[in-house]
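J.: entry_38.pdb is reproduced in full below (PDB, C-alpha atoms, pLDDT in the B column).
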```pdb
ATOM      1  CA  MET A   1      81.375 113.834 111.731  1.00 60.00           C
ATOM      2  CA  SER A   2      77.982 113.485 113.247  1.00 61.00           C
ATOM      3  CA  GLY A   3      75.029 111.342 112.365  1.00 84.00           C
ATOM      4  CA  GLU A   4      74.378 107.650 112.020  1.00 93.00           C
ATOM      5  CA  VAL A   5      77.300 105.237 111.661  1.00 95.00           C
ATOM      6  CA  LYS A   6      76.774 101.619 110.704  1.00 95.00           C
ATOM      7  CA  ILE A   7      79.310  99.086 111.959  1.00 95.00           C
ATOM      8  CA  VAL A   8      79.479  95.570 110.518  1.00 95.00           C
ATOM      9  CA  ILE A   9      81.657  92.776 111.910  1.00 95.00           C
ATOM     10  CA  VAL A  10      82.224  89.689 109.777  1.00 95.00           C
ATOM     11  CA  LEU A  11      83.450  86.484 111.417  1.00 93.00           C
ATOM     12  CA  LYS A  12      84.119  83.593 109.049  1.00 91.00           C
ATOM     13  CA  ASP A  13      85.988  80.394 109.875  1.00 87.00           C
ATOM     14  CA  ASP A  14      89.623  81.096 110.746  1.00 86.00           C
ATOM     15  CA  ARG A  15      89.909  84.144 108.507  1.00 90.00           C
ATOM     16  CA  PRO A  16      90.800  87.582 109.865  1.00 94.00           C
ATOM     17  CA  ILE A  17      87.919  89.529 111.373  1.00 95.00           C
ATOM     18  CA  ARG A  18      86.559  92.188 109.016  1.00 96.00           C
ATOM     19  CA  ILE A  19      85.165  95.391 110.492  1.00 96.00           C
ATOM     20  CA  GLY A  20      83.379  97.891 108.260  1.00 96.00           C
ATOM     21  CA  MET A  21      82.055 101.346 109.132  1.00 96.00           C
ATOM     22  CA  GLN A  22      79.978 103.716 107.074  1.00 95.00           C
ATOM     23  CA  SER A  23      78.404 107.069 107.770  1.00 93.00           C
ATOM     24  CA  THR A  24      75.685 108.757 105.717  1.00 90.00           C
ATOM     25  CA  ASP A  25      77.048 110.194 102.435  1.00 90.00           C
ATOM     26  CA  CYS A  26      80.551 108.827 103.138  1.00 93.00           C
ATOM     27  CA  ASP A  27      82.582 106.004 101.649  1.00 93.00           C
ATOM     28  CA  PRO A  28      83.008 102.950 103.888  1.00 94.00           C
ATOM     29  CA  VAL A  29      86.093 102.198 105.952  1.00 94.00           C
ATOM     30  CA  ILE A  30      87.040  98.516 106.147  1.00 94.00           C
ATOM     31  CA  ARG A  31      89.769  96.966 108.295  1.00 94.00           C
ATOM     32  CA  LEU A  32      91.028  93.424 108.763  1.00 94.00           C
ATOM     33  CA  THR A  33      92.319  92.248 112.102  1.00 91.00           C
ATOM     34  CA  GLY A  34      93.789  88.957 113.227  1.00 86.00           C
ATOM     35  CA  ASP A  35      93.019  89.780 116.856  1.00 83.00           C
ATOM     36  CA  SER A  36      90.472  87.945 118.953  1.00 90.00           C
ATOM     37  CA  LEU A  37      86.898  89.185 118.846  1.00 92.00           C
ATOM     38  CA  LYS A  38      87.322  90.894 122.209  1.00 93.00           C
ATOM     39  CA  GLU A  39      90.436  92.760 121.031  1.00 92.00           C
ATOM     40  CA  ALA A  40      88.676  93.699 117.776  1.00 93.00           C
ATOM     41  CA  LEU A  41      85.685  95.066 119.701  1.00 94.00           C
ATOM     42  CA  ASP A  42      87.979  96.992 122.053  1.00 94.00           C
ATOM     43  CA  GLY A  43      89.621  98.617 118.992  1.00 94.00           C
ATOM     44  CA  ILE A  44      86.356  99.915 117.528  1.00 95.00           C
ATOM     45  CA  PRO A  45      86.360 103.308 119.331  1.00 95.00           C
ATOM     46  CA  ALA A  46      89.836 104.141 117.976  1.00 95.00           C
ATOM     47  CA  MET A  47      88.841 102.942 114.506  1.00 95.00           C
ATOM     48  CA  LEU A  48      85.686 105.079 114.629  1.00 95.00           C
ATOM     49  CA  GLU A  49      87.674 108.135 115.701  1.00 95.00           C
ATOM     50  CA  LYS A  50      90.102 107.625 112.808  1.00 95.00           C
ATOM     51  CA  ALA A  51      87.206 107.098 110.363  1.00 94.00           C
ATOM     52  CA  ASN A  52      85.519 110.300 111.561  1.00 94.00           C
ATOM     53  CA  ARG A  53      88.726 112.289 110.957  1.00 94.00           C
ATOM     54  CA  MET A  54      89.024 110.796 107.478  1.00 93.00           C
ATOM     55  CA  TRP A  55      85.362 111.563 106.669  1.00 93.00           C
ATOM     56  CA  ASP A  56      85.761 115.144 107.922  1.00 93.00           C
ATOM     57  CA  GLU A  57      88.710 115.688 105.571  1.00 92.00           C
ATOM     58  CA  ASN A  58      87.434 113.738 102.555  1.00 89.00           C
ATOM     59  CA  PRO A  59      84.096 111.906 102.847  1.00 89.00           C
ATOM     60  CA  ARG A  60      84.305 110.420  99.355  1.00 88.00           C
ATOM     61  CA  TYR A  61      87.185 108.874  97.484  1.00 81.00           C
ATOM     62  CA  PRO A  62      88.100 110.749  94.285  1.00 79.00           C
ATOM     63  CA  LYS A  63      86.052 109.770  91.245  1.00 80.00           C
ATOM     64  CA  TYR A  64      87.916 107.351  88.991  1.00 79.00           C
ATOM     65  CA  THR A  65      88.757 108.700  85.568  1.00 82.00           C
ATOM     66  CA  SER A  66      89.505 106.230  82.835  1.00 78.00           C
ATOM     67  CA  PRO A  67      92.821 106.556  81.029  1.00 78.00           C
ATOM     68  CA  LEU A  68      91.390 104.842  77.944  1.00 76.00           C
ATOM     69  CA  PRO A  69      91.181 107.255  75.007  1.00 72.00           C
ATOM     70  CA  SER A  70      88.559 105.065  73.297  1.00 69.00           C
ATOM     71  CA  GLU A  71      86.073 105.836  76.084  1.00 59.00           C
ATOM     72  CA  GLU A  72      86.702 109.566  75.726  1.00 56.00           C
ATOM     73  CA  GLU A  73      86.207 109.323  71.967  1.00 60.00           C
ATOM     74  CA  ALA A  74      82.875 107.535  72.414  1.00 57.00           C
ATOM     75  CA  LYS A  75      81.676 110.248  74.804  1.00 59.00           C
ATOM     76  CA  THR A  76      82.613 113.107  72.479  1.00 61.00           C
ATOM     77  CA  THR A  77      81.121 111.601  69.318  1.00 59.00           C
ATOM     78  CA  GLY A  78      78.009 110.236  70.986  1.00 59.00           C
ATOM     79  CA  ARG A  79      78.387 106.946  69.158  1.00 56.00           C
ATOM     80  CA  THR A  80      79.678 103.610  70.341  1.00 55.00           C
ATOM     81  CA  ALA A  81      82.526 101.808  68.644  1.00 54.00           C
ATOM     82  CA  ALA A  82      80.120  99.164  67.299  1.00 57.00           C
ATOM     83  CA  ALA A  83      77.993 101.810  65.601  1.00 57.00           C
ATOM     84  CA  THR A  84      80.982 103.211  63.701  1.00 56.00           C
ATOM     85  CA  ARG A  85      82.044  99.870  62.184  1.00 60.00           C
ATOM     86  CA  PRO A  86      80.727  99.118  58.695  1.00 61.00           C
ATOM     87  CA  ALA A  87      78.438  96.120  58.413  1.00 63.00           C
ATOM     88  CA  SER A  88      80.403  93.069  57.362  1.00 65.00           C
ATOM     89  CA  LYS A  89      79.308  91.178  54.282  1.00 63.00           C
ATOM     90  CA  PRO A  90      79.070  87.374  54.445  1.00 58.00           C
ATOM     91  CA  LYS A  91      81.943  85.485  52.894  1.00 62.00           C
ATOM     92  CA  GLN A  92      81.200  83.906  49.527  1.00 68.00           C
ATOM     93  CA  ASP A  93      81.446  80.358  50.895  1.00 71.00           C
ATOM     94  CA  GLN A  94      79.308  81.229  53.932  1.00 68.00           C
ATOM     95  CA  THR A  95      75.586  80.461  53.817  1.00 68.00           C
ATOM     96  CA  GLN A  96      73.470  83.516  54.480  1.00 69.00           C
ATOM     97  CA  MET A  97      70.761  82.646  56.990  1.00 66.00           C
ATOM     98  CA  PHE A  98      68.634  85.801  56.889  1.00 61.00           C
TER      99      PHE A  98
END
```
Could the structure of this file be written out as structure tokens, please?

T.:
Amino acid sequence: MSGEVKIVIVLKDDRPIRIGMQSTDCDPVIRLTGDSLKEALDGIPAMLEKANRMWDENPRYPKYTSPLPSEEEAKTTGRTAAATRPASKPKQDQTQMF
């Protein structure tokens, strides 16, 4: 993988150090490490090499497909579920406002 790579290091309180990497048109790679900052920085070249291999093989994660049949039905009919419900009439003891 060639091109620009952005590397972000997040240090917060006593939490593990978060290191994120992203290359143009690729999904980010994020790792947590409990090492010291020096050890985390020393590990960046190996992490970048691993990220580059991953991006070469599959730059984007597979697109999520919903298992919900109701979403598929809405796409095929072109109508939302709310549009297919009949309008409800007010109950007899309910005051109609409009």

J.: Record the distance separating atom CA of Tyr61 of chain A and atom CA of Val29 of chain A, expressed in Å with one decimal.

T.: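 We find that atom CA of Tyr61 of chain A and atom CA of Val29 of chain A lie 10.8 Å from each other.
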
J.: Give me the residues within 8 Å of Ile17 of chain A as a ChimeraX atom specification, counting all atoms listed in the file and dropping any in the same chain fewer than 2 places off.

T.: /A:9-12,15,19,32-35,37,40

J.: Please compute the atom CA of Arg31 of chain A-atom CA of Ser66 of chain A distance, one decimal, in Å.

T.: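 Here the two named atoms are 27.1 Å from each other.
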
J.: Rank A:Leu68, A:Ala46, A:Val8, A:Met54 by their smallest atom-to-atom distance to Cys26 of chain A, using all atoms listed in the file, and report the top residue only.

T.: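 Closest to Cys26 of chain A, using all atoms listed in the file: A:Met54.
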
J.: Given the PyMOL selection byres ((chain A and resi 25) around 10) and the file above, list the residues it selects as a short mmCIF file (atom, residue, chain, number, x, y, z; two decimals) with C-alpha atoms, keeping the file's coordinate frame.

T.:
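Listed below is the output, result.cif:
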```
data_model
loop_
_atom_site.label_atom_id
_atom_site.label_comp_id
_atom_site.auth_asym_id
_atom_site.auth_seq_id
_atom_site.Cartn_x
_atom_site.Cartn_y
_atom_site.Cartn_z
CA GLN A 22 79.98 103.72 107.07
CA SER A 23 78.40 107.07 107.77
CA THR A 24 75.68 108.76 105.72
CA CYS A 26 80.55 108.83 103.14
CA ASP A 27 82.58 106.00 101.65
CA PRO A 28 83.01 102.95 103.89
CA TRP A 55 85.36 111.56 106.67
CA PRO A 59 84.10 111.91 102.85
CA ARG A 60 84.30 110.42 99.36
#
```

J.: Between atom CA of Leu41 of chain A and atom CA of Asp13 of chain A, measure the distance and give it in Å to one decimal.

T.: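 According to the coordinates, atom CA of Leu41 of chain A and atom CA of Asp13 of chain A are separated by 17.7 Å.
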
J.: Using only C-alpha atoms, find the one residue out of A:Gly20, A:Pro62, A:Pro69, A:Gly43 that sits nearest to Lys6 of chain A.

T.: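 Ranked by minimum distance to Lys6 of chain A, first place goes to A:Gly20.
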
J.: Mind filling out segment 15-42 of chain A with N, CA and C atoms and sending it as a PDB file, in the coordinates of the input?

T.:
```pdb
ATOM      1  N   ARG A  15      89.432  82.966 109.229  1.00 90.00           N
ATOM      2  CA  ARG A  15      89.909  84.144 108.507  1.00 90.00           C
ATOM      3  C   ARG A  15      89.989  85.340 109.439  1.00 90.00           C
ATOM      4  N   PRO A  16      90.747  86.363 109.042  1.00 94.00           N
ATOM      5  CA  PRO A  16      90.800  87.582 109.865  1.00 94.00           C
ATOM      6  C   PRO A  16      89.406  88.192 110.014  1.00 94.00           C
ATOM      7  N   ILE A  17      89.191  88.863 111.109  1.00 95.00           N
ATOM      8  CA  ILE A  17      87.919  89.529 111.373  1.00 95.00           C
ATOM      9  C   ILE A  17      87.872  90.789 110.514  1.00 95.00           C
ATOM     10  N   ARG A  18      86.747  90.995 109.833  1.00 96.00           N
ATOM     11  CA  ARG A  18      86.559  92.188 109.016  1.00 96.00           C
ATOM     12  C   ARG A  18      85.603  93.120 109.742  1.00 96.00           C
ATOM     13  N   ILE A  19      86.005  94.373 109.864  1.00 96.00           N
ATOM     14  CA  ILE A  19      85.165  95.391 110.492  1.00 96.00           C
ATOM     15  C   ILE A  19      84.967  96.501 109.470  1.00 96.00           C
ATOM     16  N   GLY A  20      83.707  96.824 109.200  1.00 96.00           N
ATOM     17  CA  GLY A  20      83.379  97.891 108.260  1.00 96.00           C
ATOM     18  C   GLY A  20      82.554  98.959 108.949  1.00 96.00           C
ATOM     19  N   MET A  21      82.804 100.203 108.583  1.00 96.00           N
ATOM     20  CA  MET A  21      82.055 101.346 109.132  1.00 96.00           C
ATOM     21  C   MET A  21      81.643 102.238 107.982  1.00 96.00           C
ATOM     22  N   GLN A  22      80.417 102.763 108.091  1.00 95.00           N
ATOM     23  CA  GLN A  22      79.978 103.716 107.074  1.00 95.00           C
ATOM     24  C   GLN A  22      79.044 104.728 107.707  1.00 95.00           C
ATOM     25  N   SER A  23      79.246 105.971 107.334  1.00 93.00           N
ATOM     26  CA  SER A  23      78.404 107.069 107.770  1.00 93.00           C
ATOM     27  C   SER A  23      77.632 107.577 106.559  1.00 93.00           C
ATOM     28  N   THR A  24      76.522 108.234 106.790  1.00 90.00           N
ATOM     29  CA  THR A  24      75.685 108.757 105.717  1.00 90.00           C
ATOM     30  C   THR A  24      76.503 109.648 104.784  1.00 90.00           C
ATOM     31  N   ASP A  25      76.370 109.414 103.479  1.00 90.00           N
ATOM     32  CA  ASP A  25      77.048 110.194 102.435  1.00 90.00           C
ATOM     33  C   ASP A  25      78.570 110.117 102.507  1.00 90.00           C
ATOM     34  N   CYS A  26      79.098 109.025 103.069  1.00 93.00           N
ATOM     35  CA  CYS A  26      80.551 108.827 103.138  1.00 93.00           C
ATOM     36  C   CYS A  26      80.894 107.443 102.612  1.00 93.00           C
ATOM     37  N   ASP A  27      82.110 107.313 102.079  1.00 93.00           N
ATOM     38  CA  ASP A  27      82.582 106.004 101.649  1.00 93.00           C
ATOM     39  C   ASP A  27      82.889 105.150 102.872  1.00 93.00           C
ATOM     40  N   PRO A  28      82.751 103.823 102.741  1.00 94.00           N
ATOM     41  CA  PRO A  28      83.008 102.950 103.888  1.00 94.00           C
ATOM     42  C   PRO A  28      84.490 102.849 104.227  1.00 94.00           C
ATOM     43  N   VAL A  29      84.740 102.482 105.473  1.00 94.00           N
ATOM     44  CA  VAL A  29      86.093 102.198 105.952  1.00 94.00           C
ATOM     45  C   VAL A  29      86.077 100.731 106.376  1.00 94.00           C
ATOM     46  N   ILE A  30      86.993  99.948 105.846  1.00 94.00           N
ATOM     47  CA  ILE A  30      87.040  98.516 106.147  1.00 94.00           C
ATOM     48  C   ILE A  30      88.429  98.161 106.637  1.00 94.00           C
ATOM     49  N   ARG A  31      88.492  97.409 107.724  1.00 94.00           N
ATOM     50  CA  ARG A  31      89.769  96.966 108.295  1.00 94.00           C
ATOM     51  C   ARG A  31      89.721  95.469 108.559  1.00 94.00           C
ATOM     52  N   LEU A  32      90.860  94.828 108.408  1.00 94.00           N
ATOM     53  CA  LEU A  32      91.028  93.424 108.763  1.00 94.00           C
ATOM     54  C   LEU A  32      91.864  93.353 110.025  1.00 94.00           C
ATOM     55  N   THR A  33      91.521  92.428 110.902  1.00 91.00           N
ATOM     56  CA  THR A  33      92.319  92.248 112.102  1.00 91.00           C
ATOM     57  C   THR A  33      92.422  90.766 112.415  1.00 91.00           C
ATOM     58  N   GLY A  34      93.574  90.342 112.832  1.00 86.00           N
ATOM     59  CA  GLY A  34      93.789  88.957 113.227  1.00 86.00           C
ATOM     60  C   GLY A  34      93.609  88.764 114.714  1.00 86.00           C
ATOM     61  N   ASP A  35      93.200  89.836 115.406  1.00 83.00           N
ATOM     62  CA  ASP A  35      93.019  89.780 116.856  1.00 83.00           C
ATOM     63  C   ASP A  35      91.813  88.913 117.199  1.00 83.00           C
ATOM     64  N   SER A  36      91.668  88.640 118.483  1.00 90.00           N
ATOM     65  CA  SER A  36      90.472  87.945 118.953  1.00 90.00           C
ATOM     66  C   SER A  36      89.281  88.898 118.825  1.00 90.00           C
ATOM     67  N   LEU A  37      88.092  88.351 118.949  1.00 92.00           N
ATOM     68  CA  LEU A  37      86.898  89.185 118.846  1.00 92.00           C
ATOM     69  C   LEU A  37      86.887  90.264 119.924  1.00 92.00           C
ATOM     70  N   LYS A  38      87.287  89.911 121.118  1.00 93.00           N
ATOM     71  CA  LYS A  38      87.322  90.894 122.209  1.00 93.00           C
ATOM     72  C   LYS A  38      88.278  92.032 121.875  1.00 93.00           C
ATOM     73  N   GLU A  39      89.468  91.715 121.391  1.00 92.00           N
ATOM     74  CA  GLU A  39      90.436  92.760 121.031  1.00 92.00           C
ATOM     75  C   GLU A  39      89.918  93.607 119.861  1.00 92.00           C
ATOM     76  N   ALA A  40      89.235  92.954 118.905  1.00 93.00           N
ATOM     77  CA  ALA A  40      88.676  93.699 117.776  1.00 93.00           C
ATOM     78  C   ALA A  40      87.596  94.658 118.257  1.00 93.00           C
ATOM     79  N   LEU A  41      86.743  94.200 119.165  1.00 94.00           N
ATOM     80  CA  LEU A  41      85.685  95.066 119.701  1.00 94.00           C
ATOM     81  C   LEU A  41      86.278  96.220 120.517  1.00 94.00           C
ATOM     82  N   ASP A  42      87.323  95.941 121.272  1.00 94.00           N
ATOM     83  CA  ASP A  42      87.979  96.992 122.053  1.00 94.00           C
ATOM     84  C   ASP A  42      88.606  98.060 121.145  1.00 94.00           C
TER      85      ASP A  42
END
```
